[in-house]
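Participant: Pasting start_24.txt below, which is compact mmCIF, C-alpha atoms and all ligand atoms.
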```txt
# COMPACT_ATOMS: atom_id res chain seq x y z
CA MET A 2 191.42 -70.87 16.09
CA LYS A 3 188.14 -71.98 17.69
CA THR A 4 186.46 -74.99 16.16
CA ASP A 5 182.85 -76.03 16.55
CA PRO A 6 182.88 -79.36 18.47
CA THR A 7 179.51 -80.30 16.96
CA ALA A 8 180.59 -79.65 13.38
CA ASP A 9 181.35 -83.28 12.53
CA ALA A 10 178.84 -84.90 14.86
CA PRO A 11 176.62 -87.44 13.12
CA GLN A 12 173.23 -86.05 12.16
CA ARG A 13 170.15 -87.77 13.56
CA PRO A 14 167.87 -88.67 10.66
CA ILE A 15 164.27 -87.52 10.31
CA VAL A 16 161.99 -89.01 7.66
CA VAL A 17 158.98 -87.02 6.39
CA LEU A 18 155.94 -88.71 4.84
CA VAL A 19 153.89 -86.68 2.38
CA SER A 20 151.06 -86.93 -0.12
CA GLY A 21 150.48 -83.38 -1.37
CA ARG A 22 151.87 -79.97 -2.17
CA GLY A 23 154.52 -79.99 0.57
CA SER A 24 154.17 -76.59 2.23
CA ASN A 25 154.66 -78.12 5.70
CA LEU A 26 157.69 -79.98 4.39
CA GLN A 27 159.01 -76.64 3.12
CA ALA A 28 158.50 -75.10 6.57
CA LEU A 29 160.44 -77.97 8.15
CA LEU A 30 163.27 -77.71 5.63
CA THR A 31 163.53 -73.97 6.20
CA ALA A 32 163.72 -74.50 9.97
CA ALA A 33 166.25 -77.30 9.59
CA SER A 34 168.52 -75.16 7.43
CA ASP A 35 169.03 -72.75 10.32
CA GLU A 36 172.40 -73.24 11.94
CA HIS A 37 170.97 -72.90 15.47
CA TRP A 38 168.61 -75.79 14.74
CA ASP A 39 171.54 -77.80 13.49
CA ARG A 40 173.73 -77.01 16.48
CA GLU A 41 171.00 -77.67 19.02
CA LEU A 42 169.55 -80.81 17.53
CA GLN A 43 172.12 -82.33 15.21
CA ALA A 44 169.28 -83.67 13.14
CA CYS A 45 168.53 -83.45 9.46
CA ILE A 46 165.74 -84.39 7.10
CA ALA A 47 167.29 -87.50 5.60
CA ALA A 48 164.46 -88.54 3.29
CA VAL A 49 160.97 -87.77 2.08
CA ILE A 50 158.58 -90.59 1.23
CA SER A 51 155.51 -89.91 -0.87
CA ASN A 52 152.64 -92.28 -1.60
CA GLN A 53 151.68 -90.01 -4.52
CA PRO A 54 154.08 -90.07 -7.50
CA ARG A 55 153.07 -86.54 -8.57
CA ALA A 56 153.02 -84.82 -5.19
CA GLY A 57 154.39 -81.28 -5.22
CA ALA A 58 156.27 -82.20 -2.05
CA ILE A 59 158.60 -84.35 -4.18
CA ASP A 60 159.81 -81.23 -6.03
CA VAL A 61 160.22 -79.39 -2.72
CA ALA A 62 162.41 -82.23 -1.40
CA ARG A 63 164.51 -82.42 -4.59
CA GLU A 64 165.08 -78.65 -4.61
CA HIS A 65 166.65 -79.11 -1.18
CA GLY A 66 168.71 -82.11 -2.24
CA VAL A 67 166.78 -84.47 0.04
CA ALA A 68 166.44 -88.15 -0.95
CA VAL A 69 162.97 -88.99 -2.25
CA HIS A 70 161.22 -92.35 -2.30
CA VAL A 71 157.84 -92.98 -3.87
CA VAL A 72 155.85 -95.83 -2.32
CA ASP A 73 152.63 -95.68 -4.29
CA HIS A 74 149.84 -97.41 -2.37
CA ARG A 75 148.15 -98.26 -5.68
CA SER A 76 151.02 -100.58 -6.60
CA PHE A 77 150.20 -102.96 -3.74
CA SER A 78 147.33 -105.39 -3.49
CA SER A 79 146.73 -104.79 0.22
CA ARG A 80 147.36 -102.18 2.90
CA ASP A 81 149.56 -104.69 4.64
CA GLU A 82 151.89 -104.99 1.64
CA PHE A 83 151.96 -101.22 1.18
CA GLU A 84 152.86 -100.70 4.82
CA GLN A 85 155.55 -103.37 4.70
CA GLN A 86 157.25 -101.52 1.85
CA LEU A 87 156.74 -98.22 3.62
CA ALA A 88 158.42 -99.62 6.74
CA VAL A 89 161.34 -101.06 4.74
CA THR A 90 161.83 -97.66 3.11
CA ILE A 91 161.64 -95.77 6.40
CA ASP A 92 164.03 -98.21 8.08
CA LEU A 93 166.66 -97.64 5.38
CA HIS A 94 167.25 -94.30 7.12
CA GLN A 95 166.97 -95.44 10.77
CA PRO A 96 165.08 -92.27 11.70
CA VAL A 97 164.82 -90.92 15.23
CA LEU A 98 161.57 -89.24 14.18
CA ILE A 99 159.00 -89.77 11.43
CA VAL A 100 156.81 -86.78 10.57
CA LEU A 101 153.52 -87.11 8.73
CA ALA A 102 153.26 -83.75 6.94
CA GLY A 103 150.11 -83.96 4.86
CA PHE A 104 150.33 -87.76 4.52
CA MET A 105 146.87 -88.86 3.51
CA ARG A 106 146.84 -92.62 4.19
CA VAL A 107 145.41 -94.18 7.31
CA LEU A 108 148.04 -96.34 9.03
CA SER A 109 147.24 -99.66 10.71
CA ALA A 110 147.61 -100.26 14.44
CA GLN A 111 150.48 -102.64 13.70
CA PHE A 112 152.38 -100.00 11.72
CA VAL A 113 151.79 -97.34 14.37
CA HIS A 114 152.97 -99.72 17.10
CA ARG A 115 156.26 -100.29 15.26
CA TYR A 116 157.12 -96.57 15.49
CA VAL A 117 155.24 -95.59 18.62
CA GLY A 118 156.63 -92.47 20.32
CA ARG A 119 158.56 -91.37 17.24
CA LEU A 120 155.71 -90.93 14.76
CA ILE A 121 154.01 -87.51 14.72
CA ASN A 122 151.31 -85.94 12.56
CA ILE A 123 149.96 -82.47 11.80
CA HIS A 124 146.20 -82.18 11.53
CA PRO A 125 144.29 -79.06 10.46
CA SER A 126 141.91 -78.73 13.40
CA LEU A 127 141.95 -78.29 17.15
CA LEU A 128 141.75 -81.96 18.07
CA PRO A 129 139.79 -83.69 19.47
CA SER A 130 137.37 -81.56 17.40
CA PHE A 131 137.07 -82.44 13.73
CA PRO A 132 139.24 -85.49 13.17
CA GLY A 133 139.21 -86.78 9.58
CA LEU A 134 138.72 -84.84 6.36
CA ASN A 135 137.19 -81.47 5.37
CA THR A 136 137.99 -79.94 8.73
CA HIS A 137 137.62 -76.29 7.66
CA ARG A 138 134.20 -76.84 6.09
CA ARG A 139 133.02 -78.75 9.15
CA ALA A 140 134.33 -76.04 11.49
CA LEU A 141 132.37 -73.39 9.56
CA GLU A 142 129.25 -75.56 9.53
CA ALA A 143 129.53 -76.07 13.28
CA GLY A 144 129.82 -72.30 13.79
CA VAL A 145 132.89 -72.52 16.02
CA ARG A 146 134.57 -69.22 16.91
CA VAL A 147 138.07 -70.70 17.00
CA HIS A 148 139.70 -73.31 14.82
CA GLY A 149 143.33 -74.27 14.22
CA ALA A 150 145.87 -77.03 13.93
CA THR A 151 147.33 -79.77 16.11
CA VAL A 152 150.58 -81.69 16.12
CA HIS A 153 150.23 -85.01 17.92
CA PHE A 154 151.87 -88.37 18.41
CA VAL A 155 150.19 -90.91 16.18
CA SER A 156 148.13 -93.58 17.90
CA LYS A 157 146.10 -96.38 16.40
CA GLU A 158 142.89 -94.33 16.22
CA VAL A 159 142.85 -91.81 13.36
CA ASP A 160 143.78 -88.21 14.33
CA SER A 161 144.00 -88.98 18.00
CA GLY A 162 147.05 -89.57 20.16
CA ALA A 163 148.86 -87.39 22.66
CA ILE A 164 148.75 -83.72 21.73
CA ILE A 165 152.13 -82.02 21.40
CA ALA A 166 151.23 -78.54 20.16
CA GLN A 167 148.23 -76.53 18.99
CA ALA A 168 147.71 -73.28 17.13
CA VAL A 169 144.44 -71.41 17.54
CA VAL A 170 142.98 -69.29 14.74
CA ALA A 171 139.96 -67.02 15.20
CA VAL A 172 137.12 -67.69 12.77
CA ASP A 173 135.86 -64.52 11.04
CA PRO A 174 132.13 -64.18 10.32
CA ASP A 175 132.84 -63.84 6.60
CA ASP A 176 135.37 -66.68 6.39
CA THR A 177 135.05 -69.17 3.55
CA GLU A 178 136.56 -72.63 3.61
CA ALA A 179 139.47 -71.26 1.53
CA THR A 180 140.22 -68.19 3.65
CA LEU A 181 140.06 -70.18 6.87
CA ALA A 182 142.24 -72.95 5.43
CA ALA A 183 144.84 -70.38 4.36
CA ARG A 184 145.07 -68.83 7.84
CA VAL A 185 145.27 -72.24 9.51
CA LEU A 186 147.99 -73.30 7.08
CA GLN A 187 150.09 -70.25 7.97
CA GLN A 188 149.93 -71.36 11.60
CA GLU A 189 150.75 -74.96 10.67
CA HIS A 190 154.00 -73.66 9.20
CA ARG A 191 154.90 -72.05 12.55
CA LEU A 192 153.66 -74.95 14.64
CA LEU A 193 155.19 -78.00 13.00
CA PRO A 194 158.87 -76.93 13.11
CA ARG A 195 158.48 -75.93 16.77
CA ALA A 196 156.88 -79.22 17.70
CA VAL A 197 159.57 -81.18 15.85
CA ARG A 198 162.32 -79.13 17.50
CA HIS A 199 161.04 -79.76 21.02
CA VAL A 200 160.45 -83.47 20.40
CA LEU A 201 163.96 -83.87 18.98
CA ALA A 202 165.41 -81.98 21.93
CA GLY A 203 163.75 -84.51 24.26
CA ARG A 204 161.50 -81.89 25.82
CA VAL A 205 158.29 -83.68 24.80
CA GLN A 206 157.63 -87.32 25.59
CA CYS A 207 154.65 -89.46 24.73
CA ALA A 208 153.12 -90.87 27.93
CA GLY A 209 150.07 -92.81 26.79
CA THR A 210 147.21 -90.49 25.93
CA ARG A 211 149.07 -87.34 26.99
CA ALA A 212 152.38 -85.77 26.10
CA VAL A 213 154.63 -84.70 28.94
CA LEU A 214 156.54 -81.43 28.50
CA ARG A 215 159.80 -80.52 30.23
CA ASP A 216 161.66 -77.18 30.23
CA ILE A 217 159.33 -75.55 27.72
CA ALA A 218 158.32 -71.92 28.16
CA PRO A 219 154.57 -71.26 28.52
CA GLY A 220 153.04 -70.57 25.13
CA GLU A 221 155.78 -72.28 23.13
CA LEU A 222 153.48 -75.09 22.07
CA SER A 223 150.17 -73.23 22.25
CA LEU A 224 150.08 -70.54 19.58
CA LEU A 225 147.28 -67.98 19.56
CA SER A 226 146.56 -65.82 16.55
CA VAL A 227 143.54 -63.57 16.56
C1 LIG B 1 147.86 -79.62 5.77
O1 LIG B 1 146.76 -78.79 6.03
C2 LIG B 1 147.95 -80.71 6.78
O2 LIG B 1 147.56 -80.31 8.05
C3 LIG B 1 146.95 -81.68 6.22
O3 LIG B 1 147.16 -81.66 4.85
C4 LIG B 1 147.68 -80.39 4.48
C5 LIG B 1 148.98 -80.64 3.78
O4 LIG B 1 149.49 -79.49 3.19
N1 LIG B 1 147.06 -82.98 6.83
P1 LIG B 1 150.98 -79.47 2.63
O5 LIG B 1 151.13 -80.67 1.70
O6 LIG B 1 151.91 -79.55 3.79
O7 LIG B 1 151.08 -78.18 1.88
```
The structure given in the file should be rewritten as structure tokens.
Ligand code: GRF
Facilitator:
Amino acid sequence: MKTDPTADAPQRPIVVLVSGRGSNLQALLTAASDEHWDRELQACIAAVISNQPRAGAIDVAREHGVAVHVVDHRSFSSRDEFEQQLAVTIDLHQPVLIVLAGFMRVLSAQFVHRYVGRLINIHPSLLPSFPGLNTHRRALEAGVRVHGATVHFVSKEVDSGAIIAQAVVAVDPDDTEATLAARVLQQEHRLLPRAVRHVLAGRVQCAGTRAVLRDIAPGELSLLSV
């Protein structure tokens, strides 16, 4: 009888930080439940940490039997104290990768430095355009013809850092903020699991302000949907 040599290999932990409904977390969990993902990467989502006690993402994590921690920023008197507790909670799991999937707190340079190269974020715009909030409204106001989403390594400046992957979405003349957001979100759900997979496989490395790719087919990390 053939046995799978990777079957009992230790799983490399990933920690996901969330604040909201958790649709990107769901996309990651779906990808991670695939046996090819498991065989190739030997990684699992070990824990989800939310700074919002009522985030929908908490239910998503529990439905999948993933450990949940709530580190509510409002329970701390300073950002420093909040981040210390966040770091203690992350470090419980010794993650190889920390994914910000709709995590809505700005992180200090000191915190980012602690996890540099293994902290990634998904942002709903084609960075470096539209960092910050209300990206879909601002894209419509600016009259851009294409918009999208970016997965990037986190650096000390907000929504900057080496770009790993981008998904482009065409803007329709009759788009509203809601319709555009919905189409971008669909692409986020394709983009984030891919980016995570390639980072975990060691095919993407953070080299300062740019990410270096190795053995990745053209188009893998640049999704176009028109
Ligand atoms: C996503 O659009 C993400 O890019 C942004 O916040 C949203 C989170 O959505 N940072 P969800 O919680 O993953 O559904």
Participant: Please build the interface table for chain A against ligand LIG 1 (chain B) with a cut-off of 9 Å, listing for each qualifying residue the nearest atom pair and the distance in Å to one decimal; count all atoms listed in the file, order rows by chain and increasing number, and write it as a Markdown table.
Facilitator:
```
| residue | atom | partner | partner_atom | distance |
| --- | --- | --- | --- | --- |
| A:Val19 | CA | B:LIG1 | O5 | 6.6 |
| A:Ser20 | CA | B:LIG1 | O5 | 6.5 |
| A:Gly21 | CA | B:LIG1 | O5 | 4.1 |
| A:Arg22 | CA | B:LIG1 | O5 | 4.0 |
| A:Gly23 | CA | B:LIG1 | O5 | 3.6 |
| A:Ser24 | CA | B:LIG1 | O7 | 3.5 |
| A:Asn25 | CA | B:LIG1 | O6 | 3.6 |
| A:Leu26 | CA | B:LIG1 | O6 | 5.8 |
| A:Gln27 | CA | B:LIG1 | O6 | 7.7 |
| A:Ala28 | CA | B:LIG1 | O6 | 8.4 |
| A:Ala56 | CA | B:LIG1 | O5 | 8.3 |
| A:Gly57 | CA | B:LIG1 | O5 | 7.7 |
| A:Ala58 | CA | B:LIG1 | O5 | 6.5 |
| A:Leu101 | CA | B:LIG1 | N1 | 7.9 |
| A:Ala102 | CA | B:LIG1 | O6 | 5.4 |
| A:Gly103 | CA | B:LIG1 | C5 | 3.7 |
| A:Phe104 | CA | B:LIG1 | N1 | 6.2 |
| A:Met105 | CA | B:LIG1 | N1 | 6.8 |
| A:Asn122 | CA | B:LIG1 | N1 | 7.7 |
| A:Ile123 | CA | B:LIG1 | O2 | 4.9 |
| A:His124 | CA | B:LIG1 | O2 | 4.2 |
| A:Pro125 | CA | B:LIG1 | O2 | 4.3 |
| A:Ser126 | CA | B:LIG1 | O2 | 7.9 |
| A:Leu134 | CA | B:LIG1 | N1 | 8.6 |
| A:Ala150 | CA | B:LIG1 | O2 | 6.9 |
| A:Thr151 | CA | B:LIG1 | O2 | 8.1 |
| A:Val152 | CA | B:LIG1 | O2 | 8.7 |
| A:Ala182 | CA | B:LIG1 | O1 | 7.4 |
| A:Ala183 | CA | B:LIG1 | O1 | 8.8 |
| A:Val185 | CA | B:LIG1 | O1 | 7.6 |
| A:Leu186 | CA | B:LIG1 | O1 | 5.7 |
| A:Glu189 | CA | B:LIG1 | O2 | 6.8 |
| A:His190 | CA | B:LIG1 | O6 | 8.3 |
```
Participant: Between A:His137, A:His37, A:Arg119, A:Arg106, which one has atoms that come closest to Leu201 in chain A, using all atoms listed in the file?
Facilitator: A:Arg119
Participant: Skipping near chain neighbours, those fewer than 5 positions away, what residues fall within 12 Å of Val107 in chain A using only C-alpha atoms, listed as an mmCIF file with C-alpha atoms, in the frame of the given file?
Facilitator:
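For reference, part-v6.cif as written:
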```
data_model
loop_
_atom_site.group_PDB
_atom_site.id
_atom_site.type_symbol
_atom_site.label_atom_id
_atom_site.label_comp_id
_atom_site.auth_asym_id
_atom_site.auth_seq_id
_atom_site.Cartn_x
_atom_site.Cartn_y
_atom_site.Cartn_z
ATOM 1 C CA SER A 20 151.060 -86.930 -0.120
ATOM 2 C CA ASN A 52 152.640 -92.280 -1.600
ATOM 3 C CA HIS A 74 149.840 -97.410 -2.370
ATOM 4 C CA ARG A 80 147.360 -102.180 2.900
ATOM 5 C CA ASP A 81 149.560 -104.690 4.640
ATOM 6 C CA PHE A 83 151.960 -101.220 1.180
ATOM 7 C CA GLU A 84 152.860 -100.700 4.820
ATOM 8 C CA LEU A 101 153.520 -87.110 8.730
ATOM 9 C CA PHE A 112 152.380 -100.000 11.720
ATOM 10 C CA VAL A 113 151.790 -97.340 14.370
ATOM 11 C CA ASN A 122 151.310 -85.940 12.560
ATOM 12 C CA GLY A 133 139.210 -86.780 9.580
ATOM 13 C CA LEU A 134 138.720 -84.840 6.360
ATOM 14 C CA VAL A 155 150.190 -90.910 16.180
ATOM 15 C CA SER A 156 148.130 -93.580 17.900
ATOM 16 C CA LYS A 157 146.100 -96.380 16.400
ATOM 17 C CA GLU A 158 142.890 -94.330 16.220
ATOM 18 C CA VAL A 159 142.850 -91.810 13.360
ATOM 19 C CA ASP A 160 143.780 -88.210 14.330
ATOM 20 C CA SER A 161 144.000 -88.980 18.000
#
```
Participant: Could you jot down the CA of Ile50 in chain A to CA of Ala110 in chain A separation for me, Å, one decimal place?
Facilitator: 19.7 Å
Participant: If you measure from CA of Leu18 in chain A to CA of Ile99 in chain A, what distance in Å do you get, rounded to one decimal?
Facilitator: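 Those two atoms sit 7.3 Å apart.
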Participant: As an exercise, work out the distance from CA of Leu225 in chain A to CA of Val169 in chain A in Å and give it to one decimal place.
Facilitator: 4.9 Å
Participant: Go through A:Gln85, A:Gln206, A:Thr136, A:Ser223 one by one, measure the shortest atom-to-atom distance of each to Ala166 in chain A using only C-alpha atoms, and give the residue with the smallest value.
Facilitator: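 Of the candidates, the smallest distance to Ala166 in chain A is held by A:Ser223.
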Participant: In terms of the shortest atom-to-atom distance over only C-alpha atoms, which of A:His199, A:Arg138, A:His148, A:Arg63 is closest to Glu178 in chain A?
Facilitator: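 With only C-alpha atoms as the atom set, the closest residue is A:Arg138.
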Participant: Counting only C-alpha atoms, figure out which residue out of A:Arg211, A:Pro11, A:Glu64, A:Gly149 gets nearest to Leu224 in chain A.
Facilitator: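 Checking each candidate against Leu224 in chain A, we get A:Gly149 as the closest.
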